[in-house]
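Colleague: Structure file data.pdb (PDB, C-alpha atoms and all ligand atoms) is given on the next line.
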ATOM      1  CA  MET A   1       2.255   9.979  13.575
ATOM      2  CA  ALA A   2       3.949  10.610  16.942
ATOM      3  CA  LEU A   3       7.030   8.487  17.513
ATOM      4  CA  ASN A   4       7.157   6.043  20.422
ATOM      5  CA  GLU A   5       9.976   5.882  22.992
ATOM      6  CA  LEU A   6      11.857   3.077  21.203
ATOM      7  CA  GLN A   7      11.736   4.866  17.848
ATOM      8  CA  ARG A   8      13.137   8.003  19.510
ATOM      9  CA  ARG A   9      15.933   5.951  21.101
ATOM     10  CA  VAL A  10      16.819   4.474  17.720
ATOM     11  CA  LEU A  11      17.001   7.953  16.218
ATOM     12  CA  ARG A  12      19.221   9.256  19.063
ATOM     13  CA  LEU A  13      21.594   6.305  18.845
ATOM     14  CA  LYS A  14      21.746   6.537  15.078
ATOM     15  CA  GLU A  15      22.798  10.186  15.401
ATOM     16  CA  GLU A  16      25.408   9.447  18.113
ATOM     17  CA  LYS A  17      26.944   6.644  16.064
ATOM     18  CA  ASN A  18      26.736   8.475  12.735
ATOM     19  CA  ALA A  19      24.805   5.525  11.312
ATOM     20  CA  ILE A  20      22.549   5.598   8.282
ATOM     21  CA  LEU A  21      19.326   3.598   8.274
ATOM     22  CA  LEU A  22      18.212   2.083   4.959
ATOM     23  CA  ALA A  23      14.836   0.309   4.864
ATOM     24  CA  HIS A  24      12.986  -1.598   2.168
ATOM     25  CA  ASN A  25       9.355  -0.794   1.315
ATOM     26  CA  TYR A  26       8.198  -4.095   2.877
ATOM     27  CA  GLN A  27       9.443  -3.218   6.364
ATOM     28  CA  VAL A  28       7.010  -2.706   9.243
ATOM     29  CA  PRO A  29       5.619   0.866   9.443
ATOM     30  CA  GLU A  30       7.426   1.716  12.738
ATOM     31  CA  ILE A  31      10.703   1.233  10.887
ATOM     32  CA  GLN A  32       9.570   2.802   7.598
ATOM     33  CA  VAL A  33       8.865   6.149   9.257
ATOM     34  CA  ILE A  34      12.271   6.518  10.930
ATOM     35  CA  ALA A  35      14.457   5.340   8.028
ATOM     36  CA  ASP A  36      16.853   7.796   6.390
ATOM     37  CA  HIS A  37      15.945   6.180   3.086
ATOM     38  CA  LEU A  38      12.939   3.990   2.388
ATOM     39  CA  GLY A  39      12.837   2.464  -1.070
ATOM     40  CA  ASP A  40      12.930  -0.388  -3.535
ATOM     41  CA  SER A  41      16.023  -2.509  -4.175
ATOM     42  CA  LEU A  42      17.454  -0.161  -6.800
ATOM     43  CA  GLU A  43      16.914   3.002  -4.749
ATOM     44  CA  LEU A  44      18.562   1.347  -1.744
ATOM     45  CA  CYS A  45      21.581   0.241  -3.841
ATOM     46  CA  ILE A  46      22.012   3.858  -4.930
ATOM     47  CA  GLU A  47      21.737   5.127  -1.341
ATOM     48  CA  ALA A  48      24.188   2.467  -0.141
ATOM     49  CA  GLN A  49      26.680   3.650  -2.743
ATOM     50  CA  ARG A  50      26.272   7.238  -1.514
ATOM     51  CA  ALA A  51      26.741   6.364   2.149
ATOM     52  CA  GLU A  52      30.471   7.247   2.255
ATOM     53  CA  ASP A  53      30.141   9.715   5.143
ATOM     54  CA  ALA A  54      28.339   7.347   7.498
ATOM     55  CA  ASP A  55      30.361   5.265   9.986
ATOM     56  CA  MET A  56      27.836   2.454   9.859
ATOM     57  CA  ILE A  57      24.969   1.297   7.623
ATOM     58  CA  VAL A  58      22.054  -0.402   9.349
ATOM     59  CA  PHE A  59      20.071  -2.295   6.739
ATOM     60  CA  CYS A  60      16.444  -3.151   7.414
ATOM     61  CA  GLY A  61      15.742  -5.561   4.594
ATOM     62  CA  VAL A  62      16.783  -9.086   3.609
ATOM     63  CA  ASP A  63      20.201 -10.720   3.357
ATOM     64  CA  PHE A  64      21.019  -9.990  -0.280
ATOM     65  CA  MET A  65      20.209  -6.287   0.158
ATOM     66  CA  ALA A  66      22.519  -5.880   3.155
ATOM     67  CA  GLU A  67      25.200  -7.887   1.325
ATOM     68  CA  THR A  68      24.914  -5.536  -1.641
ATOM     69  CA  ALA A  69      25.422  -2.547   0.671
ATOM     70  CA  ALA A  70      28.525  -4.255   2.126
ATOM     71  CA  ILE A  71      29.890  -5.019  -1.346
ATOM     72  CA  LEU A  72      29.480  -1.384  -2.375
ATOM     73  CA  ASN A  73      31.183  -0.132   0.803
ATOM     74  CA  PRO A  74      34.297  -2.216   1.440
ATOM     75  CA  GLY A  75      35.656  -1.542   4.908
ATOM     76  CA  LYS A  76      32.433  -0.016   6.258
ATOM     77  CA  LYS A  77      30.439  -1.669   9.007
ATOM     78  CA  VAL A  78      27.101  -2.930   7.634
ATOM     79  CA  VAL A  79      24.692  -4.342  10.189
ATOM     80  CA  ILE A  80      21.442  -6.293   9.597
ATOM     81  CA  PRO A  81      19.097  -6.548  12.601
ATOM     82  CA  SER A  82      18.285 -10.236  12.024
ATOM     83  CA  GLN A  83      20.442 -12.914  10.453
ATOM     84  CA  LYS A  84      17.242 -14.854   9.824
ATOM     85  CA  ALA A  85      15.999 -12.280   7.293
ATOM     86  CA  CYS A  86      16.938 -14.476   4.323
ATOM     87  CA  CYS A  87      15.135 -14.180   0.987
ATOM     88  CA  PRO A  88      14.327 -17.744  -0.171
ATOM     89  CA  MET A  89      14.565 -16.713  -3.826
ATOM     90  CA  ALA A  90      18.143 -15.544  -3.349
ATOM     91  CA  ALA A  91      19.034 -19.085  -2.267
ATOM     92  CA  MET A  92      17.392 -20.666  -5.357
ATOM     93  CA  LEU A  93      20.323 -20.328  -7.719
ATOM     94  CA  PRO A  94      22.832 -23.151  -7.233
ATOM     95  CA  MET A  95      26.294 -22.143  -8.455
ATOM     96  CA  SER A  96      26.630 -25.418 -10.343
ATOM     97  CA  ARG A  97      23.580 -24.525 -12.525
ATOM     98  CA  LEU A  98      24.936 -21.088 -13.246
ATOM     99  CA  ILE A  99      28.383 -22.348 -14.241
ATOM    100  CA  GLU A 100      26.793 -25.066 -16.401
ATOM    101  CA  ALA A 101      24.597 -22.445 -18.192
ATOM    102  CA  LYS A 102      27.685 -20.293 -18.826
ATOM    103  CA  LYS A 103      29.445 -23.288 -20.402
ATOM    104  CA  ARG A 104      26.408 -24.121 -22.551
ATOM    105  CA  HIS A 105      26.043 -20.551 -23.830
ATOM    106  CA  PRO A 106      29.573 -19.207 -24.101
ATOM    107  CA  GLY A 107      29.658 -15.451 -24.642
ATOM    108  CA  ALA A 108      26.061 -14.860 -23.504
ATOM    109  CA  PRO A 109      25.946 -12.131 -20.849
ATOM    110  CA  VAL A 110      24.717 -13.238 -17.426
ATOM    111  CA  VAL A 111      22.088 -10.891 -15.974
ATOM    112  CA  LEU A 112      21.290 -11.675 -12.362
ATOM    113  CA  TYR A 113      18.519 -10.219 -10.259
ATOM    114  CA  VAL A 114      19.942  -8.564  -7.140
ATOM    115  CA  ASN A 115      17.906 -11.186  -5.252
ATOM    116  CA  THR A 116      20.956 -13.493  -5.344
ATOM    117  CA  LEU A 117      23.830 -14.182  -2.994
ATOM    118  CA  ALA A 118      27.232 -12.546  -3.423
ATOM    119  CA  GLU A 119      28.858 -15.698  -4.867
ATOM    120  CA  ALA A 120      26.354 -15.718  -7.726
ATOM    121  CA  LYS A 121      26.752 -11.980  -8.365
ATOM    122  CA  ALA A 122      30.484 -12.585  -8.681
ATOM    123  CA  GLU A 123      29.694 -14.749 -11.764
ATOM    124  CA  ALA A 124      27.385 -12.152 -13.354
ATOM    125  CA  THR A 125      28.062  -9.730 -16.182
ATOM    126  CA  VAL A 126      25.600  -7.305 -14.619
ATOM    127  CA  THR A 127      22.924  -7.348 -11.935
ATOM    128  CA  CYS A 128      19.422  -5.908 -12.256
ATOM    129  CA  THR A 129      16.388  -5.126 -10.133
ATOM    130  CA  SER A 130      12.711  -5.244 -10.978
ATOM    131  CA  ALA A 131      12.918  -1.496 -11.703
ATOM    132  CA  ASN A 132      15.600  -1.699 -14.402
ATOM    133  CA  ALA A 133      15.761  -5.319 -15.692
ATOM    134  CA  ASP A 134      14.264  -4.525 -19.127
ATOM    135  CA  ARG A 135      16.460  -1.457 -19.565
ATOM    136  CA  ILE A 136      19.613  -3.366 -18.638
ATOM    137  CA  VAL A 137      18.901  -6.208 -21.078
ATOM    138  CA  ARG A 138      18.067  -3.722 -23.857
ATOM    139  CA  ARG A 139      21.288  -1.820 -23.251
ATOM    140  CA  LEU A 140      23.428  -4.949 -23.429
ATOM    141  CA  ASP A 141      22.573  -5.073 -27.120
ATOM    142  CA  THR A 142      22.763  -8.864 -27.368
ATOM    143  CA  ASP A 143      20.520 -11.587 -28.819
ATOM    144  CA  THR A 144      20.822 -14.035 -25.887
ATOM    145  CA  VAL A 145      21.059 -13.562 -22.119
ATOM    146  CA  ILE A 146      21.356 -15.991 -19.260
ATOM    147  CA  PHE A 147      18.914 -14.644 -16.676
ATOM    148  CA  GLY A 148      18.253 -15.715 -13.085
ATOM    149  CA  PRO A 149      16.875 -16.598 -10.683
ATOM    150  CA  ASP A 150      13.330 -15.239 -11.089
ATOM    151  CA  ARG A 151      11.409 -16.918 -13.873
ATOM    152  CA  ASN A 152       8.598 -14.350 -13.687
ATOM    153  CA  LEU A 153      10.953 -11.393 -13.968
ATOM    154  CA  ALA A 154      12.494 -13.224 -16.961
ATOM    155  CA  TYR A 155       8.995 -13.400 -18.500
ATOM    156  CA  PHE A 156       8.520  -9.654 -17.908
ATOM    157  CA  VAL A 157      11.860  -8.852 -19.582
ATOM    158  CA  GLY A 158      11.101 -11.170 -22.505
ATOM    159  CA  LYS A 159       7.859  -9.294 -23.177
ATOM    160  CA  ARG A 160       9.473  -5.862 -22.938
ATOM    161  CA  VAL A 161      12.558  -6.709 -24.958
ATOM    162  CA  PRO A 162      11.350  -8.859 -27.858
ATOM    163  CA  GLY A 163      14.011 -10.436 -30.025
ATOM    164  CA  VAL A 164      16.284 -11.370 -27.142
ATOM    165  CA  GLU A 165      16.374 -15.027 -26.127
ATOM    166  CA  ILE A 166      16.174 -15.256 -22.337
ATOM    167  CA  ILE A 167      17.630 -18.415 -20.838
ATOM    168  CA  PRO A 168      16.231 -18.781 -17.307
ATOM    169  CA  VAL A 169      18.509 -20.243 -14.651
ATOM    170  CA  PRO A 170      17.211 -22.153 -12.734
ATOM    171  CA  GLU A 171      14.069 -23.198 -14.643
ATOM    172  CA  ASP A 172      11.648 -22.387 -11.849
ATOM    173  CA  GLY A 173      13.181 -19.690  -9.613
ATOM    174  CA  HIS A 174      10.412 -17.690  -7.980
ATOM    175  CA  CYS A 175       9.215 -15.746  -4.946
ATOM    176  CA  ASN A 176       6.744 -17.644  -2.768
ATOM    177  CA  VAL A 177       4.999 -14.462  -1.665
ATOM    178  CA  HIS A 178       4.280 -13.308  -5.215
ATOM    179  CA  ARG A 179       3.427 -16.837  -6.340
ATOM    180  CA  PHE A 180       0.862 -16.933  -3.514
ATOM    181  CA  ILE A 181      -0.870 -13.919  -5.116
ATOM    182  CA  GLY A 182      -1.608 -16.354  -7.942
ATOM    183  CA  ASP A 183      -3.188 -15.509 -11.277
ATOM    184  CA  GLY A 184      -4.827 -12.351  -9.929
ATOM    185  CA  ASP A 185      -8.401 -13.703  -9.652
ATOM    186  CA  GLU A 186      -9.043 -11.833  -6.382
ATOM    187  CA  ALA A 187      -7.607  -8.650  -7.916
ATOM    188  CA  MET A 188      -9.922  -8.919 -10.928
ATOM    189  CA  GLU A 189     -12.948  -9.422  -8.657
ATOM    190  CA  LEU A 190     -11.968  -6.250  -6.781
ATOM    191  CA  LYS A 191     -11.568  -4.343 -10.037
ATOM    192  CA  LYS A 192     -15.158  -5.213 -10.958
ATOM    193  CA  ARG A 193     -16.314  -3.960  -7.577
ATOM    194  CA  TYR A 194     -14.383  -0.677  -7.949
ATOM    195  CA  PRO A 195     -14.807   0.583 -11.514
ATOM    196  CA  GLY A 196     -12.003   2.970 -12.485
ATOM    197  CA  SER A 197      -9.532   1.301 -10.123
ATOM    198  CA  GLU A 198      -6.040   0.311 -11.280
ATOM    199  CA  VAL A 199      -4.563  -3.173 -10.865
ATOM    200  CA  TRP A 200      -0.815  -3.362 -10.303
ATOM    201  CA  ALA A 201       1.367  -6.475 -10.410
ATOM    202  CA  HIS A 202       4.997  -6.715  -9.349
ATOM    203  CA  PRO A 203       7.227  -8.396 -12.004
ATOM    204  CA  GLU A 204       7.732 -11.269  -9.543
ATOM    205  CA  CYS A 205       4.030 -12.132  -9.957
ATOM    206  CA  GLU A 206       2.923 -15.020 -12.162
ATOM    207  CA  PRO A 207       2.764 -14.259 -15.927
ATOM    208  CA  ALA A 208      -1.038 -14.750 -15.984
ATOM    209  CA  PHE A 209      -1.443 -11.975 -13.408
ATOM    210  CA  GLN A 210       1.091  -9.702 -15.137
ATOM    211  CA  ASP A 211      -0.934 -10.069 -18.353
ATOM    212  CA  ARG A 212      -4.186  -9.057 -16.631
ATOM    213  CA  ALA A 213      -2.781  -6.145 -14.615
ATOM    214  CA  ASP A 214      -3.029  -2.518 -15.783
ATOM    215  CA  TYR A 215       0.598  -1.894 -14.779
ATOM    216  CA  VAL A 216       3.566  -4.121 -13.944
ATOM    217  CA  LEU A 217       5.777  -2.134 -11.575
ATOM    218  CA  SER A 218       8.573  -2.440  -9.040
ATOM    219  CA  THR A 219       7.663  -1.273  -5.531
ATOM    220  CA  GLY A 220       9.324   2.095  -6.278
ATOM    221  CA  GLY A 221       7.311   2.301  -9.513
ATOM    222  CA  MET A 222       4.129   1.714  -7.492
ATOM    223  CA  VAL A 223       5.053   4.538  -5.099
ATOM    224  CA  ARG A 224       5.443   6.928  -8.065
ATOM    225  CA  ARG A 225       2.335   5.712  -9.899
ATOM    226  CA  ALA A 226       0.223   6.265  -6.744
ATOM    227  CA  ARG A 227       1.250   9.954  -6.728
ATOM    228  CA  GLU A 228       0.765  10.525 -10.451
ATOM    229  CA  SER A 229      -2.438   8.593 -11.166
ATOM    230  CA  GLY A 230      -5.858  10.250 -11.139
ATOM    231  CA  ALA A 231      -7.469   6.980  -9.976
ATOM    232  CA  GLU A 232      -8.814   6.743  -6.446
ATOM    233  CA  VAL A 233      -8.610   2.993  -5.816
ATOM    234  CA  PHE A 234      -5.587   0.770  -6.457
ATOM    235  CA  ILE A 235      -5.318  -3.000  -6.214
ATOM    236  CA  VAL A 236      -1.774  -3.728  -5.188
ATOM    237  CA  GLY A 237      -0.119  -6.969  -6.314
ATOM    238  CA  THR A 238       2.836  -7.187  -4.006
ATOM    239  CA  GLU A 239       3.828  -7.687  -0.366
ATOM    240  CA  LEU A 240       1.539  -5.967   2.134
ATOM    241  CA  GLY A 241       4.186  -3.734   3.748
ATOM    242  CA  LEU A 242       4.108  -1.442   0.718
ATOM    243  CA  ILE A 243       0.443  -0.646   1.431
ATOM    244  CA  ASP A 244       1.448   0.981   4.753
ATOM    245  CA  ARG A 245       3.684   3.391   2.850
ATOM    246  CA  LEU A 246       1.092   4.055   0.124
ATOM    247  CA  ASP A 247      -1.626   4.801   2.715
ATOM    248  CA  ARG A 248       0.650   7.191   4.613
ATOM    249  CA  GLU A 249       1.792   9.093   1.541
ATOM    250  CA  ASN A 250      -1.536   9.297  -0.323
ATOM    251  CA  PRO A 251      -4.343  10.386   1.990
ATOM    252  CA  GLY A 252      -7.706  10.197   0.237
ATOM    253  CA  LYS A 253      -6.662   7.295  -2.025
ATOM    254  CA  THR A 254      -7.505   3.662  -1.264
ATOM    255  CA  PHE A 255      -5.046   0.776  -1.610
ATOM    256  CA  LEU A 256      -6.354  -2.784  -1.479
ATOM    257  CA  PRO A 257      -4.207  -5.927  -1.468
ATOM    258  CA  ALA A 258      -4.494  -8.051  -4.604
ATOM    259  CA  LYS A 259      -4.306 -10.956  -2.171
ATOM    260  CA  ARG A 260      -4.810 -10.873   1.573
ATOM    261  CA  PHE A 261      -2.010 -12.294   3.755
ATOM    262  CA  ALA A 262       0.686 -11.856   1.073
ATOM    263  CA  GLU A 263       3.367 -11.212   3.654
ATOM    264  CA  CYS A 264       7.111 -11.839   3.366
ATOM    265  CA  GLY A 265       8.205 -13.711   6.497
ATOM    266  CA  ALA A 266      11.865 -12.911   5.796
ATOM    267  CA  MET A 267      11.254  -9.151   5.719
ATOM    268  CA  LYS A 268       9.154  -9.375   8.882
ATOM    269  CA  ARG A 269      12.058 -10.931  10.802
ATOM    270  CA  ILE A 270      13.256  -7.364  11.249
ATOM    271  CA  THR A 271      11.561  -5.670  14.185
ATOM    272  CA  LEU A 272      11.963  -2.294  15.860
ATOM    273  CA  GLU A 273      13.344  -4.055  18.974
ATOM    274  CA  GLY A 274      15.849  -5.944  16.819
ATOM    275  CA  LEU A 275      16.854  -2.736  15.091
ATOM    276  CA  TYR A 276      17.514  -1.046  18.445
ATOM    277  CA  ALA A 277      19.606  -4.011  19.669
ATOM    278  CA  ALA A 278      21.592  -4.030  16.406
ATOM    279  CA  LEU A 279      22.431  -0.356  16.852
ATOM    280  CA  VAL A 280      23.465  -0.841  20.489
ATOM    281  CA  ASN A 281      25.619  -3.916  19.811
ATOM    282  CA  GLU A 282      26.694  -2.998  16.276
ATOM    283  CA  GLU A 283      25.992  -6.542  15.143
ATOM    284  CA  PRO A 284      25.280  -8.864  13.356
ATOM    285  CA  VAL A 285      27.823  -7.506  10.893
ATOM    286  CA  VAL A 286      27.464  -8.479   7.233
ATOM    287  CA  THR A 287      30.725  -9.617   5.684
ATOM    288  CA  VAL A 288      31.604 -10.685   2.160
ATOM    289  CA  GLN A 289      35.010 -12.134   1.286
ATOM    290  CA  GLU A 290      36.937  -9.500  -0.663
ATOM    291  CA  ASP A 291      37.740 -11.717  -3.678
ATOM    292  CA  VAL A 292      34.010 -12.474  -4.103
ATOM    293  CA  ALA A 293      33.009  -8.881  -3.267
ATOM    294  CA  SER A 294      35.331  -7.302  -5.809
ATOM    295  CA  ARG A 295      33.866  -9.380  -8.679
ATOM    296  CA  ALA A 296      30.289  -8.875  -7.470
ATOM    297  CA  ARG A 297      30.970  -5.127  -7.146
ATOM    298  CA  GLN A 298      31.772  -4.904 -10.856
ATOM    299  CA  ALA A 299      28.399  -6.444 -11.763
ATOM    300  CA  ILE A 300      26.493  -4.126  -9.400
ATOM    301  CA  GLU A 301      28.386  -1.014 -10.503
ATOM    302  CA  ARG A 302      27.728  -1.902 -14.125
ATOM    303  CA  MET A 303      24.005  -2.069 -13.309
ATOM    304  CA  LEU A 304      24.131   1.357 -11.672
ATOM    305  CA  GLU A 305      25.890   2.797 -14.750
ATOM    306  CA  LEU A 306      23.454   1.184 -17.213
ATOM    307  CA  SER A 307      20.335   2.164 -15.319
ATOM    308  CA  VAL A 308      20.805   5.950 -15.565
TER     309      VAL A 308
HETATM  310  P1  LIG A 401      11.605  -4.148  -5.406
HETATM  311  O1  LIG A 401      12.974  -3.899  -5.908
HETATM  312  O2  LIG A 401      10.527  -3.877  -6.410
HETATM  313  O3  LIG A 401      11.361  -3.393  -4.134
HETATM  314  O4  LIG A 401      11.445  -5.689  -5.090
HETATM  315  C1  LIG A 401      12.258  -6.359  -4.177
HETATM  316  C2  LIG A 401      11.701  -7.622  -3.779
HETATM  317  O5  LIG A 401      12.318  -8.423  -3.123
HETATM  318  C3  LIG A 401      10.370  -7.923  -4.214
HETATM  319  O6  LIG A 401       9.971  -9.091  -3.648
HETATM  320 FE1  LIG A 402      12.436 -12.453  -1.347
HETATM  321 FE2  LIG A 402       9.903 -12.593  -2.154
HETATM  322 FE3  LIG A 402      10.475 -11.634   0.262
HETATM  323 FE4  LIG A 402      11.067 -10.244  -1.971
HETATM  324  S1  LIG A 402       9.032 -10.790  -1.187
HETATM  325  S2  LIG A 402      12.382 -10.543  -0.192
HETATM  326  S3  LIG A 402      11.660 -11.924  -3.345
HETATM  327  S4  LIG A 402      10.831 -13.733  -0.460
END
Output the file's structure as structure tokens, nothing else.
Modeller:
Amino acid sequence: MALNELQRRVLRLKEEKNAILLAHNYQVPEIQVIADHLGDSLELCIEAQRAEDADMIVFCGVDFMAETAAILNPGKKVVIPSQKACCPMAAMLPMSRLIEAKKRHPGAPVVLYVNTLAEAKAEATVTCTSANADRIVRRLDTDTVIFGPDRNLAYFVGKRVPGVEIIPVPEDGHCNVHRFIGDGDEAMELKKRYPGSEVWAHPECEPAFQDRADYVLSTGGMVRRARESGAEVFIVGTELGLIDRLDRENPGKTFLPAKRFAECGAMKRITLEGLYAALVNEEPVVTVQEDVASRARQAIERMLELSV
């Protein structure tokens, strides 16, 4: 795909400023194709940690992702093209509930999804993503964990790691986009129409859909499964932006949304025009208070150690 004038300007400016461009799989395709690294939350955490040589990180994703990059790179300029790109799930964990759960279950490790704000991460034993949550909980070698904020990811972990009691905090943390996909009825109708197709659900999807899907995968897991599978048609239970990537990387295979219109408004706040302006102005800058960042950093670094 030939690049347009604005994409070329972004690339030139990025080079001049020695900036690195990290983009999540749900970003619009014009941004996906010019990113230095396009990936899921875990892959982007790893790339953010490796970004020592860059003078600036431009993060095309939502608030908690850019915050994580800032936490992992104290002193480096991290810019997010829109301050309105805020993941509603990340705001669903009130600190009071977390502190209360810690008091009620003294000694239980606190495993928090990276889809949380820095203040919450600072209270965590370890963070996790949808790609490594089961592995992290298994490796903690404990019989109880406090887990938040995604109730559906907690369900996924509970199924994969039997014998561990998962205490969800809050009770009903969820992602609206994946909840909108529902119980997977549309996906199952499509599967009947395309025999031999695979149904994928993201772990943020409702338990009923997870139970009916052929695979429950993070967005990075879906990217890998698309390459490896011999199937020709895939019914994709996650945000629509991932389908742009899957189509581009797998010519000849067909990717259908498990639910039409499952779009994340927060992710779509980031536009190519906004990205260009952010590079020109080097703002908005993402900042995290160092006392909070240093405690959150320990939880994120522990995740990165435990997930290899
Ligand atoms: P992934 O880590 O699977 O990309 O998921 C991030 C996310 O926010 C899903 O809604
Ligand atoms: Fe947050 Fe859901 Fe959007 Fe992911 S898809 S960034 S969890 S609102």
Colleague: What does the structure give for the distance between atom CA of A:His178 and atom CA of A:Gly237, in Å to one decimal?
Modeller: 7.8 Å
Colleague: Expanded to explicit residues, what is the PyMOL selection byres (((not hetatm)) within 10 of (chain A and resi 402)) for this file, as JSON, numbers by chain?
Modeller: {"A": [24, 26, 41, 61, 62, 63, 64, 65, 85, 86, 87, 88, 89, 90, 91, 113, 114, 115, 116, 150, 174, 175, 176, 177, 178, 179, 202, 204, 205, 238, 239, 240, 241, 262, 263, 264, 265, 266, 267, 268]}
Colleague: For each of A:Phe209, A:Tyr276, A:Phe255, A:Trp200, take the minimum atom-to-atom distance to A:Ile80, counting all atoms listed in the file, then give the residue where this is smallest.
Modeller: A:Tyr276
Colleague: Need the axis-aligned box for stretch 163-176 of chain A with 6 Å each side, so what are the centre and edges in Å to one decimal, as lines of an AutoDock Vina configuration file?
Modeller:
center_x = 12.6
center_y = -16.8
center_z = -16.4
size_x = 23.8
size_y = 24.8
size_z = 39.3
Colleague: Do you know which residues are within 6 Å of ligand LIG 401 (chain A) using only C-alpha atoms and all ligand atoms? Can you write them as a PyMOL selection string?
Modeller: chain A and resi 40-42+129-130+218-219
Colleague: Find the distance between atom CA of A:Leu38 and atom CA of A:Leu21 and write it in Å to one decimal.
Modeller: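 Separation of atom CA of A:Leu38 and atom CA of A:Leu21: 8.7 Å.
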Colleague: What does the distance from atom CA of A:Ile20 to atom CA of A:Asn73 come to in Å, to one decimal?
Modeller: 12.8 Å
Colleague: Check the smallest atom-to-atom distance from each of A:Thr287, A:Glu15, A:Val233, A:Ala277 to A:Arg193 using all atoms listed in the file, then report the winner.
Modeller: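 So, comparing all the options, the nearest one is A:Val233.
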Colleague: Nearest to A:Ile270 among A:Ile46, A:Ala23, A:Ala51, A:Leu140, with distances taken over all atoms listed in the file: which residue is it?
Modeller: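 Looking at the shortest contact to A:Ile270, the residue is A:Ala23.
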Colleague: Starting from the point (12.7, -22.0, -12.8), work out which residues of protein, DNA or RNA have an atom no more than 12 Å away when counting all atoms listed in the file; state them as a VMD selection string.
Modeller: chain A and resid 89 92 to 94 97 147 to 155 167 to 175
Colleague: Using all atoms listed in the file, which of A:Ile243, A:Arg225, A:Asp134, A:Pro162 sits nearest A:Arg260?
Modeller: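 Residue with the minimum atom-to-atom distance to A:Arg260: A:Ile243.
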Colleague: The PyMOL selection byres (((chain A and resi 143-146) around 6) and not hetatm) - which residues does that actually catch in the file I just gave you? List them as a list in words.
Modeller: Ala108, Pro109, Val110, Thr142, Phe147, Val164, Glu165, Ile166 and Ile167 of chain A
Colleague: Could you give me, as a ChimeraX atom specification, the residues that sit within 12 Å of (36.3, -2.8, 6.5) in the file's coordinates, counting only C-alpha atoms?
Modeller: /A:55-56,70-78,285-290,293
Colleague: Might you spell out which residues the PyMOL selection byres (((chain A and resi 1) around 12) and not hetatm) would select in the displayed file, as JSON, numbers by chain?
Modeller: {"A": [2, 3, 4, 7, 29, 30, 32, 33, 34, 248]}
Colleague: Tell me which of A:Ile235, A:Pro251, A:Ser307, A:Gly274 sits closest to A:Lys192, counting all atoms listed in the file.
Modeller: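 Residue with the minimum atom-to-atom distance to A:Lys192: A:Ile235.
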Colleague: Let me make sure I understand: among A:Leu98, A:Ala54, A:Leu22, A:Val236, which one has the smallest atom-to-atom distance to A:Leu275 if we use all atoms listed in the file?
Modeller: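 Under the stated criterion, the closest residue is A:Leu22.
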